[in-house]
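J.: Pasting work_14.cif here (mmCIF, C-alpha atoms (C1' of nucleotides)):
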```cif
data_start
loop_
_atom_site.label_atom_id
_atom_site.label_comp_id
_atom_site.auth_asym_id
_atom_site.auth_seq_id
_atom_site.Cartn_x
_atom_site.Cartn_y
_atom_site.Cartn_z
CA MET A 1 -36.88 13.10 -9.08
CA SER A 2 -33.54 12.45 -10.70
CA VAL A 3 -30.14 12.75 -9.12
CA GLY A 4 -28.22 15.74 -10.44
CA ARG A 5 -25.05 15.44 -12.47
CA GLU A 6 -22.98 17.09 -9.76
CA THR A 7 -24.23 14.61 -7.21
CA ARG A 8 -23.27 11.73 -9.44
CA LEU A 9 -19.89 13.30 -10.03
CA SER A 10 -19.37 13.50 -6.27
CA ALA A 11 -20.06 9.82 -6.02
CA TRP A 12 -17.64 9.18 -8.88
CA ILE A 13 -14.93 11.22 -7.17
CA GLU A 14 -15.42 9.17 -4.06
CA ARG A 15 -15.01 5.90 -6.00
CA PHE A 16 -11.97 7.34 -7.70
CA ALA A 17 -10.41 8.30 -4.38
CA ALA A 18 -11.25 4.91 -2.88
CA HIS A 19 -9.39 3.14 -5.66
CA PHE A 20 -6.22 5.09 -5.13
CA ALA A 21 -6.54 4.83 -1.38
CA GLU A 22 -5.99 1.10 -1.86
CA GLU A 23 -2.77 1.93 -3.64
CA GLY A 24 -1.56 4.01 -0.74
CA ILE A 25 -2.65 7.51 -1.75
CA PRO A 26 -4.42 9.29 1.13
CA LEU A 27 -8.15 9.55 0.70
CA ILE A 28 -8.11 13.32 0.52
CA GLY A 29 -5.33 13.26 -2.06
CA GLY A 30 -7.45 10.99 -4.22
CA ARG A 31 -10.44 13.27 -3.83
CA ILE A 32 -8.38 16.22 -4.95
CA LEU A 33 -7.27 14.32 -8.05
CA GLY A 34 -10.77 13.25 -8.95
CA TYR A 35 -12.18 16.67 -8.34
CA LEU A 36 -9.53 18.50 -10.34
CA LEU A 37 -10.11 16.12 -13.23
CA VAL A 38 -13.72 17.16 -13.67
CA CYS A 39 -14.26 20.55 -12.04
CA GLN A 40 -15.25 23.64 -13.92
CA PRO A 41 -13.33 25.90 -14.14
CA VAL A 42 -10.20 23.79 -14.15
CA GLU A 43 -8.28 25.83 -11.60
CA ARG A 44 -9.02 25.91 -7.91
CA THR A 45 -7.47 27.43 -4.82
CA ALA A 46 -6.68 25.43 -1.71
CA ALA A 47 -9.50 27.18 0.12
CA GLU A 48 -12.01 26.18 -2.56
CA LEU A 49 -10.85 22.58 -2.46
CA SER A 50 -11.15 22.60 1.31
CA GLN A 51 -14.73 23.77 1.07
CA GLU A 52 -15.80 21.57 -1.84
CA LEU A 53 -14.26 18.41 -0.40
CA GLU A 54 -15.10 19.21 3.21
CA ALA A 55 -11.53 18.63 4.32
CA SER A 56 -9.41 20.66 6.69
CA SER A 57 -7.07 23.26 5.29
CA GLY A 58 -4.15 21.31 6.74
CA SER A 59 -5.04 18.12 4.95
CA ILE A 60 -5.55 19.97 1.68
CA SER A 61 -2.21 21.67 2.05
CA THR A 62 -0.35 18.46 2.85
CA ASN A 63 -1.92 16.53 0.00
CA LEU A 64 -1.50 19.30 -2.55
CA LYS A 65 2.15 19.47 -1.65
CA TYR A 66 2.45 15.76 -2.26
CA LEU A 67 0.54 15.84 -5.54
CA VAL A 68 2.52 18.78 -6.85
CA ASN A 69 5.65 16.91 -5.86
CA VAL A 70 4.80 13.84 -7.90
CA GLY A 71 3.76 16.11 -10.76
CA LEU A 72 0.09 15.21 -10.97
CA VAL A 73 -1.01 18.68 -9.96
CA THR A 74 0.40 22.02 -11.04
CA LYS A 75 0.57 25.05 -8.81
CA ARG A 76 0.27 28.47 -10.33
CA THR A 77 0.80 31.75 -8.55
CA ARG A 78 -0.12 35.07 -10.12
CA ARG A 79 0.99 38.53 -9.30
CA GLY A 80 -1.68 40.40 -7.51
CA ARG A 81 -3.27 37.24 -6.21
CA GLN A 82 -2.48 35.91 -2.81
CA ALA A 83 -4.22 32.65 -3.50
CA ALA A 84 -2.34 30.08 -5.58
CA GLU A 85 -4.33 28.13 -8.13
CA TYR A 86 -4.06 24.41 -8.61
CA ARG A 87 -4.98 22.39 -11.62
CA ILE A 88 -4.63 18.80 -12.71
CA ASN A 89 -1.61 18.01 -14.85
CA GLU A 90 -3.11 15.18 -16.82
CA LYS A 91 -0.01 14.87 -19.01
CA ALA A 92 1.93 13.64 -15.99
CA TRP A 93 -0.33 10.66 -15.58
CA SER A 94 1.74 8.46 -17.86
CA GLY A 95 4.80 9.04 -15.69
CA PHE A 96 2.72 8.07 -12.72
CA VAL A 97 1.70 4.80 -14.34
CA GLN A 98 5.19 4.18 -15.60
CA ARG A 99 6.54 4.34 -12.07
CA LYS A 100 4.08 1.68 -11.07
CA LEU A 101 5.18 -0.61 -13.87
CA ASP A 102 8.81 0.02 -13.04
CA ALA A 103 8.16 -0.86 -9.42
CA ILE A 104 6.85 -4.26 -10.48
CA ALA A 105 9.73 -4.99 -12.81
CA SER A 106 12.30 -3.80 -10.27
CA VAL A 107 11.94 -7.04 -8.36
CA GLN A 108 14.27 -8.44 -10.96
CA VAL A 109 17.17 -6.69 -9.27
CA LEU A 110 16.38 -8.72 -6.18
CA THR A 111 15.94 -12.06 -7.88
CA GLU A 112 19.12 -11.48 -9.85
CA ASP A 113 21.09 -10.82 -6.69
CA GLY A 114 19.59 -13.91 -5.13
CA MET A 115 20.60 -16.02 -8.13
CA ARG A 116 24.12 -14.76 -7.75
CA LEU A 117 24.20 -15.83 -4.10
CA LEU A 118 23.07 -19.30 -5.12
CA SER A 119 25.31 -19.56 -8.14
CA GLY A 120 27.23 -22.51 -6.74
CA ASP A 121 24.11 -24.57 -6.24
CA PRO A 122 21.85 -24.91 -9.30
CA GLU A 123 19.60 -27.38 -7.54
CA ARG A 124 18.84 -24.98 -4.75
CA ALA A 125 18.42 -22.05 -7.14
CA MET A 126 15.62 -23.69 -9.11
CA ARG A 127 12.73 -22.04 -7.30
CA LEU A 128 14.25 -18.61 -7.52
CA ARG A 129 15.10 -19.17 -11.14
CA THR A 130 11.45 -19.54 -12.07
CA VAL A 131 10.65 -16.24 -10.43
CA ASP A 132 13.74 -14.56 -11.83
CA HIS A 133 12.83 -15.56 -15.37
CA LEU A 134 9.39 -14.06 -15.01
CA TYR A 135 10.74 -10.75 -13.81
CA GLY A 136 13.51 -10.84 -16.37
CA TRP A 137 10.95 -11.13 -19.09
CA LEU A 138 8.93 -8.27 -17.59
CA SER A 139 11.99 -6.08 -17.29
CA ALA A 140 12.61 -6.55 -20.98
CA GLU A 141 9.05 -6.27 -22.25
CA LEU A 142 7.50 -3.53 -20.15
CA PRO A 143 9.90 -0.79 -21.28
CA ALA A 144 9.49 -2.02 -24.86
CA LEU A 145 5.74 -1.85 -24.53
CA TRP A 146 6.01 1.63 -23.10
CA GLU A 147 7.95 2.75 -26.15
CA ARG A 148 5.01 1.91 -28.35
CA ARG A 149 2.68 4.05 -26.26
CA PRO A 150 0.70 6.41 -28.47
CA ALA A 151 0.68 10.15 -27.87
CA SER A 152 -2.36 11.49 -26.07
CA PRO A 153 -5.25 12.63 -28.29
CA LYS A 154 -5.24 16.23 -29.40
CA MET B 155 37.21 -13.25 7.71
CA SER B 156 34.48 -13.60 5.15
CA VAL B 157 30.75 -13.44 5.68
CA GLY B 158 29.09 -16.84 5.23
CA ARG B 159 26.65 -17.60 2.48
CA GLU B 160 23.81 -18.13 4.92
CA THR B 161 24.44 -14.74 6.48
CA ARG B 162 24.31 -13.08 3.09
CA LEU B 163 21.15 -14.97 2.29
CA SER B 164 19.58 -13.66 5.49
CA ALA B 165 20.40 -10.15 4.39
CA TRP B 166 18.93 -10.89 0.97
CA ILE B 167 15.73 -12.22 2.54
CA GLU B 168 15.45 -9.03 4.53
CA ARG B 169 15.79 -6.90 1.40
CA PHE B 170 13.26 -9.09 -0.33
CA ALA B 171 10.78 -8.69 2.53
CA ALA B 172 11.39 -4.95 2.66
CA HIS B 173 10.48 -4.59 -1.00
CA PHE B 174 7.17 -6.36 -0.62
CA ALA B 175 6.46 -4.55 2.63
CA GLU B 176 6.29 -1.40 0.53
CA GLU B 177 3.66 -3.08 -1.57
CA GLY B 178 1.56 -3.85 1.46
CA ILE B 179 2.66 -7.38 2.32
CA PRO B 180 3.43 -7.73 6.04
CA LEU B 181 7.11 -7.91 6.83
CA ILE B 182 6.91 -11.43 8.19
CA GLY B 183 4.97 -12.58 5.15
CA GLY B 184 7.75 -11.27 2.94
CA ARG B 185 10.36 -13.00 5.04
CA ILE B 186 8.52 -16.28 4.70
CA LEU B 187 8.43 -15.88 0.92
CA GLY B 188 12.11 -15.04 0.68
CA TYR B 189 13.09 -17.83 3.01
CA LEU B 190 10.98 -20.48 1.29
CA LEU B 191 12.49 -19.45 -2.05
CA VAL B 192 16.01 -20.37 -1.01
CA CYS B 193 15.86 -22.73 1.94
CA GLN B 194 17.16 -26.27 1.84
CA PRO B 195 15.25 -28.54 2.05
CA VAL B 196 12.39 -26.83 0.31
CA GLU B 197 9.72 -27.75 2.83
CA ARG B 198 9.39 -26.26 6.27
CA THR B 199 6.95 -26.49 9.15
CA ALA B 200 5.42 -23.47 10.82
CA ALA B 201 7.51 -24.14 13.91
CA GLU B 202 10.72 -24.16 11.88
CA LEU B 203 9.80 -20.91 10.18
CA SER B 204 9.02 -19.37 13.54
CA GLN B 205 12.45 -20.31 14.82
CA GLU B 206 14.41 -19.42 11.69
CA LEU B 207 12.75 -16.06 11.20
CA GLU B 208 12.49 -15.27 14.92
CA ALA B 209 8.80 -14.51 14.65
CA SER B 210 5.98 -15.54 16.94
CA SER B 211 3.95 -18.62 16.12
CA GLY B 212 0.90 -16.41 15.75
CA SER B 213 2.46 -14.20 13.12
CA ILE B 214 3.73 -17.18 11.20
CA SER B 215 0.31 -18.77 11.28
CA THR B 216 -1.49 -15.64 10.13
CA ASN B 217 0.92 -14.94 7.32
CA LEU B 218 1.07 -18.54 6.11
CA LYS B 219 -2.69 -18.55 5.95
CA TYR B 220 -2.58 -15.42 3.82
CA LEU B 221 0.16 -16.71 1.54
CA VAL B 222 -1.55 -20.05 1.04
CA ASN B 223 -4.70 -18.13 0.28
CA VAL B 224 -3.14 -16.12 -2.52
CA GLY B 225 -1.48 -19.28 -3.79
CA LEU B 226 2.16 -18.32 -3.31
CA VAL B 227 2.71 -21.03 -0.70
CA THR B 228 1.46 -24.59 -0.68
CA LYS B 229 0.51 -26.47 2.45
CA ARG B 230 1.03 -30.18 2.60
CA THR B 231 -0.15 -32.49 5.34
CA ARG B 232 1.01 -36.07 5.58
CA ARG B 233 -0.49 -38.98 7.40
CA GLY B 234 1.50 -39.82 10.46
CA ARG B 235 2.86 -36.27 10.73
CA GLN B 236 1.19 -33.77 12.94
CA ALA B 237 3.21 -30.93 11.49
CA ALA B 238 2.11 -29.54 8.14
CA GLU B 239 4.84 -28.68 5.67
CA TYR B 240 4.93 -25.49 3.67
CA ARG B 241 6.76 -24.81 0.46
CA ILE B 242 6.94 -22.02 -2.04
CA ASN B 243 4.68 -22.34 -5.06
CA GLU B 244 6.85 -20.49 -7.51
CA LYS B 245 4.51 -21.28 -10.39
CA ALA B 246 1.88 -19.07 -8.83
CA TRP B 247 4.10 -16.04 -9.08
CA SER B 248 2.88 -15.11 -12.52
CA GLY B 249 -0.69 -14.91 -11.25
CA PHE B 250 0.53 -12.70 -8.48
CA VAL B 251 2.16 -10.32 -10.96
CA GLN B 252 -0.81 -10.48 -13.27
CA ARG B 253 -3.10 -9.28 -10.51
CA LYS B 254 -0.85 -6.29 -10.05
CA LEU B 255 -1.00 -5.42 -13.73
CA ASP B 256 -4.75 -5.89 -13.75
CA ALA B 257 -5.07 -3.55 -10.80
CA ILE B 258 -3.33 -0.82 -12.76
CA ALA B 259 -5.39 -1.30 -15.89
CA SER B 260 -8.62 -1.49 -13.91
CA VAL B 261 -8.60 2.27 -13.46
CA GLN B 262 -10.03 2.34 -16.95
CA VAL B 263 -13.38 1.27 -15.57
CA LEU B 264 -13.37 4.43 -13.50
CA THR B 265 -12.26 6.79 -16.22
CA GLU B 266 -14.79 5.28 -18.57
CA ASP B 267 -17.60 5.86 -16.10
CA GLY B 268 -16.41 9.40 -15.60
CA MET B 269 -16.41 10.03 -19.35
CA ARG B 270 -19.97 8.85 -19.46
CA LEU B 271 -21.00 11.29 -16.77
CA LEU B 272 -19.43 14.10 -18.76
CA SER B 273 -20.72 12.96 -22.11
CA GLY B 274 -22.75 16.09 -22.62
CA ASP B 275 -19.79 18.37 -22.17
CA PRO B 276 -16.74 17.55 -24.34
CA GLU B 277 -14.92 20.67 -23.19
CA ARG B 278 -15.11 19.66 -19.58
CA ALA B 279 -14.21 16.05 -20.35
CA MET B 280 -10.89 16.90 -21.95
CA ARG B 281 -8.72 16.33 -18.90
CA LEU B 282 -10.33 13.01 -18.10
CA ARG B 283 -10.12 12.00 -21.74
CA THR B 284 -6.33 12.17 -21.68
CA VAL B 285 -6.22 9.88 -18.66
CA ASP B 286 -8.89 7.60 -20.06
CA HIS B 287 -6.98 7.12 -23.30
CA LEU B 288 -3.87 6.12 -21.40
CA TYR B 289 -5.70 3.50 -19.39
CA GLY B 290 -7.65 2.37 -22.42
CA TRP B 291 -4.40 1.68 -24.19
CA LEU B 292 -3.06 -0.19 -21.15
CA SER B 293 -6.22 -2.26 -20.85
CA ALA B 294 -5.76 -3.38 -24.42
CA GLU B 295 -2.01 -3.92 -24.41
CA LEU B 296 -1.28 -5.48 -21.04
CA PRO B 297 -3.43 -8.58 -21.57
CA ALA B 298 -1.96 -8.90 -25.07
CA LEU B 299 1.53 -8.68 -23.66
CA TRP B 300 0.67 -11.27 -21.05
CA GLU B 301 -0.40 -13.67 -23.78
CA ARG B 302 3.09 -13.63 -25.21
CA ARG B 303 4.60 -14.57 -21.89
CA PRO B 304 6.96 -17.51 -22.28
CA ALA B 305 6.60 -20.66 -20.22
CA SER B 306 8.91 -20.94 -17.26
CA PRO B 307 12.22 -22.72 -17.90
CA LYS B 308 12.26 -26.48 -17.35
"C1'" DC C 309 -9.19 -42.31 25.79
"C1'" DG C 310 -5.49 -39.64 27.52
"C1'" DA C 311 -1.11 -37.64 26.46
"C1'" DT C 312 1.72 -35.21 23.40
"C1'" DG C 313 3.10 -31.94 20.17
"C1'" DA C 314 1.72 -28.78 16.74
"C1'" DT C 315 -1.26 -25.08 14.94
"C1'" DT C 316 -4.81 -21.62 15.16
"C1'" DT C 317 -7.34 -18.19 17.60
"C1'" DC C 318 -7.67 -14.15 20.22
"C1'" DA C 319 -7.07 -10.31 23.27
"C1'" DG C 320 -3.69 -6.94 24.21
"C1'" DT C 321 0.21 -3.84 22.90
"C1'" DG C 322 2.74 -0.70 20.17
"C1'" DT C 323 3.49 1.79 15.99
"C1'" DC C 324 2.33 4.41 12.15
"C1'" DG C 325 -0.06 7.48 9.39
"C1'" DA C 326 -4.17 10.30 8.08
"C1'" DC C 327 -6.70 13.90 9.57
"C1'" DC C 328 -8.07 18.06 12.12
"C1'" DG C 329 -7.86 22.77 13.66
"C1'" DA C 330 -5.42 26.40 15.85
"C1'" DA C 331 -1.40 29.13 15.65
"C1'" DG C 332 2.08 31.27 12.91
"C1'" DG C 333 3.99 33.32 8.70
"C1'" DG C 334 3.85 35.64 4.07
"C1'" DG C 335 1.93 38.40 0.49
"C1'" DA C 336 -1.07 41.87 -1.21
"C1'" DT C 337 -3.74 45.98 -0.63
"C1'" DC C 338 -4.78 50.20 1.55
"C1'" DG D 339 3.24 49.62 8.33
"C1'" DA D 340 -1.24 47.95 9.45
"C1'" DT D 341 -4.71 44.96 8.01
"C1'" DC D 342 -6.58 41.15 5.76
"C1'" DC D 343 -6.53 36.75 3.65
"C1'" DC D 344 -4.58 32.60 2.53
"C1'" DC D 345 -1.49 29.04 3.10
"C1'" DT D 346 1.60 26.13 5.74
"C1'" DT D 347 3.19 24.20 9.98
"C1'" DC D 348 2.57 21.61 14.01
"C1'" DG D 349 0.80 19.32 18.17
"C1'" DG D 350 -2.82 16.13 19.22
"C1'" DT D 351 -6.37 12.59 18.31
"C1'" DC D 352 -8.06 8.63 16.23
"C1'" DG D 353 -8.24 4.34 13.86
"C1'" DA D 354 -5.91 0.59 11.47
"C1'" DC D 355 -2.81 -2.97 11.39
"C1'" DA D 356 1.30 -5.90 12.47
"C1'" DC D 357 2.97 -8.44 15.95
"C1'" DT D 358 3.17 -11.07 20.32
"C1'" DG D 359 2.24 -14.73 23.61
"C1'" DA D 360 -0.97 -17.43 26.01
"C1'" DA D 361 -5.00 -20.16 25.76
"C1'" DA D 362 -7.87 -23.05 23.06
"C1'" DT D 363 -8.14 -26.43 19.48
"C1'" DC D 364 -6.83 -30.19 16.67
"C1'" DA D 365 -4.51 -34.35 15.13
"C1'" DT D 366 -1.64 -38.28 16.08
"C1'" DC D 367 0.02 -42.08 18.75
"C1'" DG D 368 0.44 -45.07 22.68
#
```
For the structure just supplied, provide its representation as structure tokens.

T.:
Amino acid sequence: MSVGRETRLSAWIERFAAHFAEEGIPLIGGRILGYLLVCQPVERTAAELSQELEASSGSISTNLKYLVNVGLVTKRTRRGRQAAEYRINEKAWSGFVQRKLDAIASVQVLTEDGMRLLSGDPERAMRLRTVDHLYGWLSAELPALWERRPASPK
Amino acid sequence: MSVGRETRLSAWIERFAAHFAEEGIPLIGGRILGYLLVCQPVERTAAELSQELEASSGSISTNLKYLVNVGLVTKRTRRGRQAAEYRINEKAWSGFVQRKLDAIASVQVLTEDGMRLLSGDPERAMRLRTVDHLYGWLSAELPALWERRPASPK
DNA sequence: CGATGATTTCAGTGTCGACCGAAGGGGATC
DNA sequence: GATCCCCTTCGGTCGACACTGAAATCATCG
């Protein structure tokens, strides 16, 4: 007897959430993301998410607030409906990734400052220089790479 | 009365450690990295680090073990010296950064699996497809970018 | 082989953050 | 304006992890 598609999707959502948990996103936040990426229909209320993901209403609320804040989820309210509907904002994902790349390259600000502090002593600055050059290169190339990013498929 | 260079370097080390603390590296580990990048002479014993950074011997030991493990610090023992000497391995920094980039691109494995699970339903796969394309592009371009990385300065 | 000096191990402490669930507040409908 | 949901807020619990300091371990030298 085969495992149903929904069951396999649940397992996939869990893997998805686990990955982002390692990057500091709360487990429940990751589950919401994974779920909203594949659910049908695309919009869900907080109460539905709470039930589907077996998480407390408080956790759902907190995490939705966070996800809406970073732009990955969109909140929609409708007249005549007390329940707000949430959906994934997949277009915002590139901004999300871009922030990660920026975070890596931003170390260059630090290494640059360090080089300045050691400017009178080239010998002593050698170790930092190696690191600074690496980040300097990244700071130049990553934004350039990002420019060449193709538009998302229609 | 001006602030001495060493004082400013201490402040810089603290900023350096704070940055990597946000990325999950323990504060003391970050301090060790920053300190070993700029100290003179370049090699230090665990006891010296403990004193300079005002951290317990246990913390220093744990963090050095971790940093040696990921390759950012090199341990050297010498005959006739009971104290091992540690120094920064600035050449390993590129591997450190590369692992970060790989971690970002590795999401493509997840999105790809998800696409497979939704293969029978293109409509439903649309949201994931947008995300998958982004990571697919990254998975292709980041390694290519890395190839063009220049050697560190002599 | 014992003494010495250094490092590693380990149990204990404190902090921080995710999560829960009950209480409170805000709309919408009647 | 009363009722009914739904969402958010908030106190409390739990587990994870960084850090400490003392004890155990290890290496060197006399």

J.: Specify as a ChimeraX atom specification each residue included when the PyMOL selection byres ((chain C and resi 322-332) around 12) is applied to this file.

T.: /A:21,24-29,54-63 /C:320-321,333-334 /D:345-358

J.: Residues at most 10 Å from segment 250-265 of chain B, counting all atoms listed in the file, excluding those fewer than 3 positions away in the same chain, as a ChimeraX atom specification?

T.: /A:12-13,15-16,19-20,23,34,97,100-101,104-105,134-135,138 /B:224-226,245-247,268-271,282-297,300

J.: What is the distance, in Å and to one decimal place, between atom C1' of DC342 of chain D and atom CA of Tyr35 of chain A?

T.: 28.8 Å

J.: Calculate how many Å separate atom CA of Gly4 of chain A from atom CA of Gln51 of chain A, rounding to one decimal.

T.: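 It comes out at 19.5 Å.
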
J.: Find the distance between atom CA of Glu22 of chain A and atom CA of Asn89 of chain A and write it in Å to one decimal.

T.: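 Separation between atom CA of Glu22 of chain A and atom CA of Asn89 of chain A: 21.8 Å.
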
J.: Taking all atoms listed in the file into account, what are the residues of chain C at most 9 Å from chain B, put as a list in words?

T.: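 So the residues of chain C near chain B are DG313, DA314, DT315, DT316 and DT317 of chain C.
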
J.: What residues come out when you apply the PyMOL selection byres ((chain C and resi 337) around 10) to this file, written as a ChimeraX atom specification?

T.: /A:80 /C:335-336,338 /D:341-342

J.: Counting only C-alpha atoms, which residue out of A:Arg44, A:Arg31, A:Arg79, A:Arg8 sits closest to chain B?

T.: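 Closest candidate: A:Arg8.
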
J.: Hey, which of D:DA362, D:DG368, D:DG339, D:DC344 ends up closest to chain A? Count all atoms listed in the file.

T.: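 Closest residue, counting all atoms listed in the file: D:DC344.
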
J.: Just checking: using only C-alpha atoms, which residue out of B:Glu244, B:Glu206, B:Glu197, B:Glu160 ends up closest to chain A?

T.: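 Of B:Glu244, B:Glu206, B:Glu197, B:Glu160, the one nearest chain A, counting only C-alpha atoms, is B:Glu244.
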
J.: Which one of A:Leu33, A:Leu64, A:Leu53, A:Val42 sits closest to chain D if you count all atoms listed in the file?

T.: A:Leu64

J.: Tell me which of B:Asp267, B:Glu301, B:Glu202, B:Glu239 sits closest to chain A, counting only C-alpha atoms.

T.: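 Among B:Asp267, B:Glu301, B:Glu202, B:Glu239, it is B:Asp267 that comes nearest to chain A.
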
J.: Which residue gives the smallest distance to chain D among A:Asp121, A:Ser50, A:Glu112, A:Leu37, with all atoms listed in the file counted?

T.: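 Looking only at the distances to chain D, the closest residue turns out to be A:Ser50.
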
J.: Can you write chain C from the block above with C-alpha atoms (C1' of nucleotides), as an mmCIF file, in the first residue's frame?

T.:
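Output saved as out_36.cif:
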```
data_model
loop_
_atom_site.group_PDB
_atom_site.id
_atom_site.type_symbol
_atom_site.label_atom_id
_atom_site.label_comp_id
_atom_site.auth_asym_id
_atom_site.auth_seq_id
_atom_site.Cartn_x
_atom_site.Cartn_y
_atom_site.Cartn_z
ATOM 1 C "C1'" DC C 309 59.421 7.943 38.192
ATOM 2 C "C1'" DG C 310 57.762 12.020 40.314
ATOM 3 C "C1'" DA C 311 57.038 16.864 39.740
ATOM 4 C "C1'" DT C 312 55.557 20.546 37.009
ATOM 5 C "C1'" DG C 313 52.897 23.092 33.933
ATOM 6 C "C1'" DA C 314 49.615 22.988 30.339
ATOM 7 C "C1'" DT C 315 45.331 21.313 28.187
ATOM 8 C "C1'" DT C 316 41.048 18.817 27.978
ATOM 9 C "C1'" DT C 317 36.976 17.049 30.096
ATOM 10 C "C1'" DC C 318 32.896 17.533 32.628
ATOM 11 C "C1'" DA C 319 29.245 18.812 35.704
ATOM 12 C "C1'" DG C 320 26.864 22.847 36.997
ATOM 13 C "C1'" DT C 321 24.950 27.548 36.107
ATOM 14 C "C1'" DG C 322 22.702 31.104 33.666
ATOM 15 C "C1'" DT C 323 20.661 32.943 29.577
ATOM 16 C "C1'" DC C 324 17.972 32.944 25.613
ATOM 17 C "C1'" DG C 325 14.480 31.776 22.580
ATOM 18 C "C1'" DA C 326 10.723 28.735 20.790
ATOM 19 C "C1'" DC C 327 6.534 27.114 21.955
ATOM 20 C "C1'" DC C 328 2.059 26.638 24.306
ATOM 21 C "C1'" DG C 329 -2.480 27.939 25.826
ATOM 22 C "C1'" DA C 330 -5.410 31.005 28.247
ATOM 23 C "C1'" DA C 331 -6.972 35.606 28.489
ATOM 24 C "C1'" DG C 332 -8.008 39.803 26.147
ATOM 25 C "C1'" DG C 333 -9.320 42.635 22.159
ATOM 26 C "C1'" DG C 334 -11.419 43.622 17.530
ATOM 27 C "C1'" DG C 335 -14.451 42.904 13.739
ATOM 28 C "C1'" DA C 336 -18.527 41.138 11.685
ATOM 29 C "C1'" DT C 337 -23.216 39.621 11.926
ATOM 30 C "C1'" DC C 338 -27.635 39.523 13.938
#
```
